[in-house]
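K.L.:
Structure file model34.txt (compact mmCIF, N, CA and C atoms) is given on the next line.
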# COMPACT_ATOMS: atom_id res chain seq x y z
N MET A 920 9.64 -2.17 -6.27
CA MET A 920 8.95 -2.73 -5.13
C MET A 920 9.58 -4.08 -4.82
N ASP A 921 10.18 -4.16 -3.66
CA ASP A 921 10.88 -5.39 -3.33
C ASP A 921 9.93 -6.49 -2.91
N GLY A 922 10.41 -7.70 -2.92
CA GLY A 922 9.59 -8.85 -2.57
C GLY A 922 9.67 -9.22 -1.11
N GLN A 923 10.44 -8.46 -0.30
CA GLN A 923 10.55 -8.79 1.11
C GLN A 923 9.22 -8.55 1.79
N VAL A 924 8.72 -9.59 2.43
CA VAL A 924 7.43 -9.50 3.11
C VAL A 924 7.62 -9.99 4.53
N ARG A 925 7.21 -9.20 5.50
CA ARG A 925 7.39 -9.56 6.89
C ARG A 925 6.12 -10.20 7.46
N VAL A 926 4.97 -9.74 7.03
CA VAL A 926 3.68 -10.32 7.44
C VAL A 926 3.03 -10.84 6.19
N ASN A 927 2.40 -11.98 6.29
CA ASN A 927 1.87 -12.69 5.13
C ASN A 927 0.56 -12.13 4.59
N ARG A 928 -0.29 -11.62 5.46
CA ARG A 928 -1.63 -11.21 5.05
C ARG A 928 -2.05 -9.98 5.85
N LEU A 929 -2.85 -9.15 5.25
CA LEU A 929 -3.35 -7.95 5.93
C LEU A 929 -4.87 -7.95 5.85
N ASP A 930 -5.51 -7.93 6.99
CA ASP A 930 -6.97 -7.88 7.03
C ASP A 930 -7.40 -6.42 7.15
N ILE A 931 -7.55 -5.77 6.00
CA ILE A 931 -7.89 -4.35 6.04
C ILE A 931 -9.36 -4.11 6.37
N ALA A 932 -10.15 -5.17 6.38
CA ALA A 932 -11.56 -5.02 6.77
C ALA A 932 -11.65 -4.49 8.20
N GLN A 933 -10.68 -4.85 9.04
CA GLN A 933 -10.70 -4.36 10.42
C GLN A 933 -10.51 -2.85 10.48
N LEU A 934 -10.05 -2.26 9.39
CA LEU A 934 -9.90 -0.81 9.31
C LEU A 934 -11.13 -0.14 8.71
N GLY A 935 -12.12 -0.94 8.35
CA GLY A 935 -13.35 -0.39 7.79
C GLY A 935 -13.28 -0.13 6.29
N VAL A 936 -12.34 -0.76 5.60
CA VAL A 936 -12.24 -0.61 4.15
C VAL A 936 -12.26 -1.99 3.50
N GLU A 937 -12.55 -2.02 2.23
CA GLU A 937 -12.65 -3.30 1.52
C GLU A 937 -11.49 -3.47 0.56
N LEU A 938 -11.16 -4.74 0.33
CA LEU A 938 -10.14 -5.08 -0.66
C LEU A 938 -10.65 -4.78 -2.06
N GLY A 939 -9.75 -4.49 -2.96
CA GLY A 939 -10.12 -4.37 -4.36
C GLY A 939 -10.48 -5.75 -4.89
N GLU A 940 -11.26 -5.81 -5.91
CA GLU A 940 -11.69 -7.08 -6.49
C GLU A 940 -10.51 -7.90 -7.00
N ARG A 941 -9.49 -7.23 -7.55
CA ARG A 941 -8.33 -7.93 -8.10
C ARG A 941 -7.06 -7.70 -7.29
N ALA A 942 -6.90 -6.52 -6.72
CA ALA A 942 -5.71 -6.19 -5.93
C ALA A 942 -5.98 -4.89 -5.16
N THR A 943 -5.13 -4.64 -4.14
CA THR A 943 -5.26 -3.43 -3.34
C THR A 943 -3.88 -2.84 -3.11
N LEU A 944 -3.79 -1.54 -3.29
CA LEU A 944 -2.58 -0.79 -3.00
C LEU A 944 -2.80 -0.10 -1.66
N VAL A 945 -2.05 -0.51 -0.64
CA VAL A 945 -2.20 0.05 0.70
C VAL A 945 -1.02 0.97 0.97
N GLN A 946 -1.32 2.23 1.22
CA GLN A 946 -0.31 3.25 1.45
C GLN A 946 -0.33 3.69 2.90
N PHE A 947 0.80 3.57 3.58
CA PHE A 947 0.94 4.11 4.94
C PHE A 947 1.60 5.47 4.81
N SER A 948 0.93 6.49 5.36
CA SER A 948 1.37 7.87 5.24
C SER A 948 1.40 8.53 6.60
N SER A 949 2.03 9.71 6.63
CA SER A 949 1.98 10.55 7.82
C SER A 949 1.67 11.98 7.38
N ALA A 950 1.21 12.78 8.31
CA ALA A 950 0.65 14.09 8.00
C ALA A 950 1.62 15.03 7.28
N PHE A 951 2.87 15.06 7.67
CA PHE A 951 3.79 16.05 7.12
C PHE A 951 4.77 15.44 6.11
N CYS A 952 4.40 14.33 5.55
CA CYS A 952 5.26 13.60 4.61
C CYS A 952 5.00 14.11 3.19
N GLN A 953 5.94 14.85 2.63
CA GLN A 953 5.79 15.37 1.27
C GLN A 953 5.73 14.25 0.22
N PRO A 954 6.61 13.24 0.28
CA PRO A 954 6.52 12.15 -0.70
C PRO A 954 5.20 11.37 -0.62
N CYS A 955 4.54 11.43 0.53
CA CYS A 955 3.25 10.73 0.67
C CYS A 955 2.20 11.33 -0.26
N ARG A 956 2.25 12.63 -0.44
CA ARG A 956 1.28 13.30 -1.32
C ARG A 956 1.46 12.85 -2.76
N ALA A 957 2.71 12.81 -3.20
CA ALA A 957 2.99 12.36 -4.57
C ALA A 957 2.65 10.88 -4.74
N THR A 958 2.92 10.10 -3.71
CA THR A 958 2.58 8.67 -3.75
C THR A 958 1.08 8.48 -3.85
N ARG A 959 0.33 9.28 -3.10
CA ARG A 959 -1.14 9.21 -3.15
C ARG A 959 -1.63 9.44 -4.58
N ARG A 960 -1.07 10.44 -5.26
CA ARG A 960 -1.48 10.74 -6.64
C ARG A 960 -1.13 9.57 -7.57
N THR A 961 0.09 9.05 -7.44
CA THR A 961 0.53 7.94 -8.30
C THR A 961 -0.36 6.72 -8.11
N LEU A 962 -0.60 6.33 -6.86
CA LEU A 962 -1.39 5.13 -6.60
C LEU A 962 -2.85 5.31 -7.02
N ALA A 963 -3.39 6.50 -6.82
CA ALA A 963 -4.77 6.77 -7.23
C ALA A 963 -4.89 6.68 -8.75
N GLU A 964 -3.90 7.21 -9.47
CA GLU A 964 -3.92 7.15 -10.93
C GLU A 964 -3.85 5.71 -11.43
N VAL A 965 -2.96 4.91 -10.84
CA VAL A 965 -2.83 3.51 -11.25
C VAL A 965 -4.11 2.75 -10.93
N ALA A 966 -4.67 2.97 -9.74
CA ALA A 966 -5.91 2.28 -9.36
C ALA A 966 -7.05 2.64 -10.31
N ALA A 967 -7.07 3.89 -10.78
CA ALA A 967 -8.11 4.31 -11.72
C ALA A 967 -7.92 3.68 -13.10
N MET A 968 -6.66 3.37 -13.45
CA MET A 968 -6.36 2.80 -14.77
C MET A 968 -6.62 1.29 -14.82
N VAL A 969 -6.49 0.60 -13.70
CA VAL A 969 -6.58 -0.85 -13.69
C VAL A 969 -7.86 -1.28 -12.99
N GLU A 970 -8.75 -1.87 -13.74
CA GLU A 970 -10.04 -2.28 -13.21
C GLU A 970 -9.88 -3.29 -12.07
N GLY A 971 -10.65 -3.08 -11.00
CA GLY A 971 -10.64 -4.01 -9.87
C GLY A 971 -9.54 -3.76 -8.87
N VAL A 972 -8.82 -2.65 -9.01
CA VAL A 972 -7.74 -2.31 -8.08
C VAL A 972 -8.20 -1.15 -7.20
N ALA A 973 -8.01 -1.31 -5.89
CA ALA A 973 -8.36 -0.26 -4.93
C ALA A 973 -7.10 0.36 -4.35
N HIS A 974 -7.20 1.63 -3.98
CA HIS A 974 -6.10 2.32 -3.29
C HIS A 974 -6.63 2.71 -1.92
N VAL A 975 -5.92 2.29 -0.87
CA VAL A 975 -6.31 2.59 0.50
C VAL A 975 -5.14 3.31 1.16
N GLU A 976 -5.43 4.45 1.77
CA GLU A 976 -4.38 5.18 2.49
C GLU A 976 -4.64 5.08 3.98
N ILE A 977 -3.61 4.73 4.74
CA ILE A 977 -3.71 4.55 6.18
C ILE A 977 -2.79 5.54 6.87
N ASP A 978 -3.33 6.26 7.83
CA ASP A 978 -2.53 7.20 8.63
C ASP A 978 -1.69 6.38 9.60
N ALA A 979 -0.38 6.34 9.38
CA ALA A 979 0.51 5.52 10.19
C ALA A 979 0.46 5.91 11.66
N GLU A 980 0.36 7.19 11.94
CA GLU A 980 0.36 7.66 13.33
C GLU A 980 -0.89 7.23 14.08
N ALA A 981 -1.99 7.06 13.38
CA ALA A 981 -3.25 6.65 14.00
C ALA A 981 -3.38 5.13 14.15
N HIS A 982 -2.47 4.39 13.53
CA HIS A 982 -2.53 2.92 13.56
C HIS A 982 -1.17 2.33 13.92
N LEU A 983 -0.63 2.77 15.06
CA LEU A 983 0.72 2.37 15.45
C LEU A 983 0.86 0.86 15.68
N THR A 984 -0.17 0.22 16.21
CA THR A 984 -0.10 -1.23 16.44
C THR A 984 0.08 -1.95 15.11
N LEU A 985 -0.67 -1.56 14.11
CA LEU A 985 -0.56 -2.16 12.78
C LEU A 985 0.80 -1.85 12.16
N VAL A 986 1.26 -0.63 12.31
CA VAL A 986 2.56 -0.22 11.78
C VAL A 986 3.67 -1.09 12.37
N ARG A 987 3.61 -1.31 13.68
CA ARG A 987 4.62 -2.15 14.33
C ARG A 987 4.52 -3.59 13.87
N ALA A 988 3.30 -4.10 13.75
CA ALA A 988 3.10 -5.50 13.33
C ALA A 988 3.65 -5.73 11.93
N LEU A 989 3.55 -4.71 11.09
CA LEU A 989 4.02 -4.82 9.70
C LEU A 989 5.47 -4.36 9.54
N ASP A 990 6.09 -3.94 10.62
CA ASP A 990 7.48 -3.48 10.61
C ASP A 990 7.68 -2.32 9.62
N ILE A 991 6.77 -1.36 9.68
CA ILE A 991 6.87 -0.18 8.82
C ILE A 991 7.68 0.87 9.56
N SER A 992 8.78 1.29 8.96
CA SER A 992 9.69 2.21 9.63
C SER A 992 9.76 3.59 8.98
N ALA A 993 9.10 3.76 7.85
CA ALA A 993 9.14 5.05 7.15
C ALA A 993 7.87 5.22 6.33
N THR A 994 7.55 6.48 6.06
CA THR A 994 6.43 6.78 5.18
C THR A 994 6.97 7.55 3.99
N PRO A 995 6.40 7.32 2.82
CA PRO A 995 5.35 6.35 2.54
C PRO A 995 5.90 4.93 2.43
N THR A 996 5.11 3.99 2.88
CA THR A 996 5.34 2.57 2.62
C THR A 996 4.10 2.05 1.92
N VAL A 997 4.32 1.32 0.84
CA VAL A 997 3.21 0.79 0.04
C VAL A 997 3.25 -0.73 0.09
N LEU A 998 2.11 -1.33 0.40
CA LEU A 998 1.95 -2.77 0.33
C LEU A 998 1.03 -3.09 -0.84
N VAL A 999 1.35 -4.12 -1.59
CA VAL A 999 0.50 -4.57 -2.68
C VAL A 999 -0.12 -5.88 -2.21
N LEU A 1000 -1.45 -5.90 -2.19
CA LEU A 1000 -2.19 -7.09 -1.76
C LEU A 1000 -2.86 -7.73 -2.95
N ASP A 1001 -2.90 -9.06 -2.95
CA ASP A 1001 -3.68 -9.73 -3.99
C ASP A 1001 -5.15 -9.71 -3.58
N ALA A 1002 -6.00 -10.36 -4.35
CA ALA A 1002 -7.44 -10.30 -4.11
C ALA A 1002 -7.84 -10.87 -2.75
N SER A 1003 -7.03 -11.76 -2.19
CA SER A 1003 -7.37 -12.36 -0.90
C SER A 1003 -6.77 -11.61 0.28
N GLY A 1004 -5.99 -10.57 0.01
CA GLY A 1004 -5.38 -9.79 1.09
C GLY A 1004 -3.96 -10.22 1.41
N ARG A 1005 -3.42 -11.16 0.66
CA ARG A 1005 -2.04 -11.61 0.87
C ARG A 1005 -1.08 -10.54 0.36
N ILE A 1006 -0.08 -10.21 1.16
CA ILE A 1006 0.90 -9.19 0.78
C ILE A 1006 1.87 -9.81 -0.22
N VAL A 1007 1.90 -9.24 -1.42
CA VAL A 1007 2.76 -9.78 -2.48
C VAL A 1007 3.87 -8.82 -2.89
N GLY A 1008 3.84 -7.61 -2.35
CA GLY A 1008 4.86 -6.62 -2.66
C GLY A 1008 4.91 -5.55 -1.61
N ARG A 1009 6.08 -4.94 -1.49
CA ARG A 1009 6.29 -3.91 -0.46
C ARG A 1009 7.37 -2.96 -0.95
N ALA A 1010 7.14 -1.66 -0.73
CA ALA A 1010 8.16 -0.67 -1.10
C ALA A 1010 8.08 0.50 -0.13
N THR A 1011 9.24 1.10 0.13
CA THR A 1011 9.31 2.30 0.96
C THR A 1011 9.81 3.43 0.09
N GLY A 1012 9.22 4.60 0.28
CA GLY A 1012 9.58 5.75 -0.53
C GLY A 1012 8.58 5.95 -1.65
N GLN A 1013 8.78 7.00 -2.39
CA GLN A 1013 7.87 7.35 -3.47
C GLN A 1013 8.07 6.40 -4.66
N PRO A 1014 7.05 5.61 -5.00
CA PRO A 1014 7.22 4.64 -6.09
C PRO A 1014 7.04 5.29 -7.46
N ARG A 1015 7.66 4.69 -8.45
CA ARG A 1015 7.44 5.11 -9.83
C ARG A 1015 6.22 4.35 -10.36
N THR A 1016 5.48 4.98 -11.23
CA THR A 1016 4.28 4.37 -11.80
C THR A 1016 4.59 3.01 -12.42
N VAL A 1017 5.68 2.91 -13.16
CA VAL A 1017 6.03 1.66 -13.83
C VAL A 1017 6.25 0.54 -12.82
N ASP A 1018 6.83 0.86 -11.64
CA ASP A 1018 7.05 -0.15 -10.61
C ASP A 1018 5.74 -0.60 -9.98
N VAL A 1019 4.82 0.33 -9.80
CA VAL A 1019 3.52 -0.02 -9.24
C VAL A 1019 2.76 -0.93 -10.19
N VAL A 1020 2.78 -0.59 -11.47
CA VAL A 1020 2.10 -1.41 -12.48
C VAL A 1020 2.71 -2.82 -12.53
N ALA A 1021 4.04 -2.90 -12.46
CA ALA A 1021 4.71 -4.21 -12.46
C ALA A 1021 4.33 -5.02 -11.24
N ALA A 1022 4.27 -4.39 -10.08
CA ALA A 1022 3.88 -5.09 -8.84
C ALA A 1022 2.44 -5.58 -8.94
N LEU A 1023 1.58 -4.77 -9.54
CA LEU A 1023 0.19 -5.20 -9.73
C LEU A 1023 0.12 -6.39 -10.66
N GLY A 1024 0.95 -6.40 -11.68
CA GLY A 1024 0.98 -7.53 -12.61
C GLY A 1024 1.29 -8.82 -11.89
N ARG A 1025 2.17 -8.77 -10.91
CA ARG A 1025 2.49 -9.97 -10.12
C ARG A 1025 1.34 -10.33 -9.19
N ALA A 1026 0.60 -9.33 -8.71
CA ALA A 1026 -0.50 -9.58 -7.77
C ALA A 1026 -1.73 -10.14 -8.47
N ILE A 1027 -1.92 -9.72 -9.69
CA ILE A 1027 -3.12 -10.12 -10.44
C ILE A 1027 -2.78 -11.35 -11.21
Now, as a test, write the supplied structure out as structure tokens.
P.N.:
Amino acid sequence: MDGQVRVNRLDIAQLGVELGERATLVQFSSAFCQPCRATRRTLAEVAAMVEGVAHVEIDAEAHLTLVRALDISATPTVLVLDASGRIVGRATGQPRTVDVVAALGRAI
């Protein structure tokens, strides 16, 4: 998960979801994206293992304004947010569990 961040903070409350107490894994997906399914499983497993971490999946096609604002060009794209919603990590493609855990370590 690279450290390149284009937008500083993400207010996911406007999407009707809440931040995790310690961190949030935000996944941008699309309907026919095969790697998105595997990413969903990986992020859900990590969120279940680490207390206070939430996993939120956002349909990229249904939120094009947000996708453009965040400069998301492919799915899956995963953003790692700290407890305040600040974006501290970003990755495109199917992440490995070890990379997600490492990114969470930096966020927490």
K.L.:
Which neighbours of Leu998 in chain A fall inside 6.5 Å, counting all atoms listed in the file, when residues of the same chain fewer than 6 positions from it are skipped, and could you give them as a list in words?
P.N.:
Thr943, Leu944, Val945, Gln946, Phe947, Ile1006, Val1007, Gly1008, Arg1009 and Ala1010 of chain A
K.L.:
Set the distance at 7 Å and use only N, CA and C atoms: which residues neighbour range 973-977 of chain A once local chain neighbours fewer than 2 positions away are removed? I'd like the list as number ranges by chain.
P.N.:
A: 938-949, 962-963, 966, 970-971, 979-982
K.L.:
Find the residue from A:Val969, A:Ala1026, A:Ala950, A:Val936 that sits nearest to Ala1002 in chain A; use all atoms listed in the file when measuring.
P.N.:
A:Ala1026
K.L.:
Would you compute the distance between CA of Ala993 in chain A and CA of Arg1015 in chain A? Give it in Å to one decimal.
P.N.:
17.1 Å
K.L.:
May I ask which of the residues A:Thr1016, A:Pro995, A:Leu983, A:Ala1022 is the closest one to Cys955 in chain A, counting only N, CA and C atoms?
P.N.:
A:Pro995
K.L.:
Centre and edge lengths of an axis-aligned box around all listed atoms of range 970-980 of chain A, with 8 Å added on each side, are to be given in Å to one decimal, as lines of an AutoDock Vina configuration file.
P.N.:
center_x = -5.1
center_y = 1.8
center_z = 0.2
size_x = 27.2
size_y = 27.7
size_z = 43.8
K.L.:
Could you write range 988-1011 of chain A as a PDB file, keeping the file's coordinate frame, with N, CA, C and O atoms rebuilt where they are missing?
P.N.:
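Result written to part.pdb:
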ATOM      1  N   ALA A 988       3.300  -4.100  13.750  1.00  0.00           N
ATOM      2  CA  ALA A 988       3.100  -5.500  13.330  1.00  0.00           C
ATOM      3  C   ALA A 988       3.650  -5.730  11.930  1.00  0.00           C
ATOM      4  O   ALA A 988       4.148  -6.814  11.620  1.00  0.00           O
ATOM      5  N   LEU A 989       3.550  -4.710  11.090  1.00  0.00           N
ATOM      6  CA  LEU A 989       4.020  -4.820   9.700  1.00  0.00           C
ATOM      7  C   LEU A 989       5.470  -4.360   9.540  1.00  0.00           C
ATOM      8  O   LEU A 989       5.986  -4.351   8.422  1.00  0.00           O
ATOM      9  N   ASP A 990       6.090  -3.940  10.620  1.00  0.00           N
ATOM     10  CA  ASP A 990       7.480  -3.480  10.610  1.00  0.00           C
ATOM     11  C   ASP A 990       7.680  -2.320   9.620  1.00  0.00           C
ATOM     12  O   ASP A 990       8.616  -2.311   8.825  1.00  0.00           O
ATOM     13  N   ILE A 991       6.770  -1.360   9.680  1.00  0.00           N
ATOM     14  CA  ILE A 991       6.870  -0.180   8.820  1.00  0.00           C
ATOM     15  C   ILE A 991       7.680   0.870   9.560  1.00  0.00           C
ATOM     16  O   ILE A 991       7.317   1.277  10.662  1.00  0.00           O
ATOM     17  N   SER A 992       8.780   1.290   8.960  1.00  0.00           N
ATOM     18  CA  SER A 992       9.690   2.210   9.630  1.00  0.00           C
ATOM     19  C   SER A 992       9.760   3.590   8.980  1.00  0.00           C
ATOM     20  O   SER A 992      10.425   4.475   9.502  1.00  0.00           O
ATOM     21  N   ALA A 993       9.100   3.760   7.850  1.00  0.00           N
ATOM     22  CA  ALA A 993       9.140   5.050   7.150  1.00  0.00           C
ATOM     23  C   ALA A 993       7.870   5.220   6.330  1.00  0.00           C
ATOM     24  O   ALA A 993       7.206   4.252   5.975  1.00  0.00           O
ATOM     25  N   THR A 994       7.550   6.480   6.060  1.00  0.00           N
ATOM     26  CA  THR A 994       6.430   6.780   5.180  1.00  0.00           C
ATOM     27  C   THR A 994       6.970   7.550   3.990  1.00  0.00           C
ATOM     28  O   THR A 994       7.925   8.317   4.138  1.00  0.00           O
ATOM     29  N   PRO A 995       6.400   7.320   2.820  1.00  0.00           N
ATOM     30  CA  PRO A 995       5.350   6.350   2.540  1.00  0.00           C
ATOM     31  C   PRO A 995       5.900   4.930   2.430  1.00  0.00           C
ATOM     32  O   PRO A 995       7.012   4.728   1.953  1.00  0.00           O
ATOM     33  N   THR A 996       5.110   3.990   2.880  1.00  0.00           N
ATOM     34  CA  THR A 996       5.340   2.570   2.620  1.00  0.00           C
ATOM     35  C   THR A 996       4.100   2.050   1.920  1.00  0.00           C
ATOM     36  O   THR A 996       2.979   2.345   2.339  1.00  0.00           O
ATOM     37  N   VAL A 997       4.320   1.320   0.840  1.00  0.00           N
ATOM     38  CA  VAL A 997       3.210   0.790   0.040  1.00  0.00           C
ATOM     39  C   VAL A 997       3.250  -0.730   0.090  1.00  0.00           C
ATOM     40  O   VAL A 997       4.299  -1.337  -0.134  1.00  0.00           O
ATOM     41  N   LEU A 998       2.110  -1.330   0.400  1.00  0.00           N
ATOM     42  CA  LEU A 998       1.950  -2.770   0.330  1.00  0.00           C
ATOM     43  C   LEU A 998       1.030  -3.090  -0.840  1.00  0.00           C
ATOM     44  O   LEU A 998       0.030  -2.396  -1.043  1.00  0.00           O
ATOM     45  N   VAL A 999       1.350  -4.120  -1.590  1.00  0.00           N
ATOM     46  CA  VAL A 999       0.500  -4.570  -2.680  1.00  0.00           C
ATOM     47  C   VAL A 999      -0.120  -5.880  -2.210  1.00  0.00           C
ATOM     48  O   VAL A 999       0.578  -6.829  -1.861  1.00  0.00           O
ATOM     49  N   LEU A1000      -1.450  -5.900  -2.190  1.00  0.00           N
ATOM     50  CA  LEU A1000      -2.190  -7.090  -1.760  1.00  0.00           C
ATOM     51  C   LEU A1000      -2.860  -7.730  -2.950  1.00  0.00           C
ATOM     52  O   LEU A1000      -3.371  -7.035  -3.832  1.00  0.00           O
ATOM     53  N   ASP A1001      -2.900  -9.060  -2.950  1.00  0.00           N
ATOM     54  CA  ASP A1001      -3.680  -9.730  -3.990  1.00  0.00           C
ATOM     55  C   ASP A1001      -5.150  -9.710  -3.580  1.00  0.00           C
ATOM     56  O   ASP A1001      -5.524  -9.107  -2.564  1.00  0.00           O
ATOM     57  N   ALA A1002      -6.000 -10.360  -4.350  1.00  0.00           N
ATOM     58  CA  ALA A1002      -7.440 -10.300  -4.110  1.00  0.00           C
ATOM     59  C   ALA A1002      -7.840 -10.870  -2.750  1.00  0.00           C
ATOM     60  O   ALA A1002      -8.867 -10.481  -2.188  1.00  0.00           O
ATOM     61  N   SER A1003      -7.030 -11.760  -2.190  1.00  0.00           N
ATOM     62  CA  SER A1003      -7.370 -12.360  -0.900  1.00  0.00           C
ATOM     63  C   SER A1003      -6.770 -11.610   0.280  1.00  0.00           C
ATOM     64  O   SER A1003      -7.003 -11.975   1.426  1.00  0.00           O
ATOM     65  N   GLY A1004      -5.990 -10.570   0.010  1.00  0.00           N
ATOM     66  CA  GLY A1004      -5.380  -9.790   1.090  1.00  0.00           C
ATOM     67  C   GLY A1004      -3.960 -10.220   1.410  1.00  0.00           C
ATOM     68  O   GLY A1004      -3.338  -9.674   2.324  1.00  0.00           O
ATOM     69  N   ARG A1005      -3.420 -11.160   0.660  1.00  0.00           N
ATOM     70  CA  ARG A1005      -2.040 -11.610   0.870  1.00  0.00           C
ATOM     71  C   ARG A1005      -1.080 -10.540   0.360  1.00  0.00           C
ATOM     72  O   ARG A1005      -1.247 -10.005  -0.736  1.00  0.00           O
ATOM     73  N   ILE A1006      -0.080 -10.210   1.160  1.00  0.00           N
ATOM     74  CA  ILE A1006       0.900  -9.190   0.780  1.00  0.00           C
ATOM     75  C   ILE A1006       1.870  -9.810  -0.220  1.00  0.00           C
ATOM     76  O   ILE A1006       2.558 -10.771   0.091  1.00  0.00           O
ATOM     77  N   VAL A1007       1.900  -9.240  -1.420  1.00  0.00           N
ATOM     78  CA  VAL A1007       2.760  -9.780  -2.480  1.00  0.00           C
ATOM     79  C   VAL A1007       3.870  -8.820  -2.890  1.00  0.00           C
ATOM     80  O   VAL A1007       4.725  -9.170  -3.689  1.00  0.00           O
ATOM     81  N   GLY A1008       3.840  -7.610  -2.350  1.00  0.00           N
ATOM     82  CA  GLY A1008       4.860  -6.620  -2.660  1.00  0.00           C
ATOM     83  C   GLY A1008       4.910  -5.550  -1.610  1.00  0.00           C
ATOM     84  O   GLY A1008       3.925  -5.296  -0.912  1.00  0.00           O
ATOM     85  N   ARG A1009       6.080  -4.940  -1.490  1.00  0.00           N
ATOM     86  CA  ARG A1009       6.290  -3.910  -0.460  1.00  0.00           C
ATOM     87  C   ARG A1009       7.370  -2.960  -0.950  1.00  0.00           C
ATOM     88  O   ARG A1009       8.384  -3.395  -1.499  1.00  0.00           O
ATOM     89  N   ALA A1010       7.140  -1.660  -0.730  1.00  0.00           N
ATOM     90  CA  ALA A1010       8.160  -0.670  -1.100  1.00  0.00           C
ATOM     91  C   ALA A1010       8.080   0.500  -0.130  1.00  0.00           C
ATOM     92  O   ALA A1010       7.003   0.852   0.355  1.00  0.00           O
ATOM     93  N   THR A1011       9.240   1.100   0.130  1.00  0.00           N
ATOM     94  CA  THR A1011       9.310   2.300   0.960  1.00  0.00           C
ATOM     95  C   THR A1011       9.810   3.430   0.090  1.00  0.00           C
ATOM     96  O   THR A1011      10.678   3.241  -0.753  1.00  0.00           O
TER      97      THR A1011
END
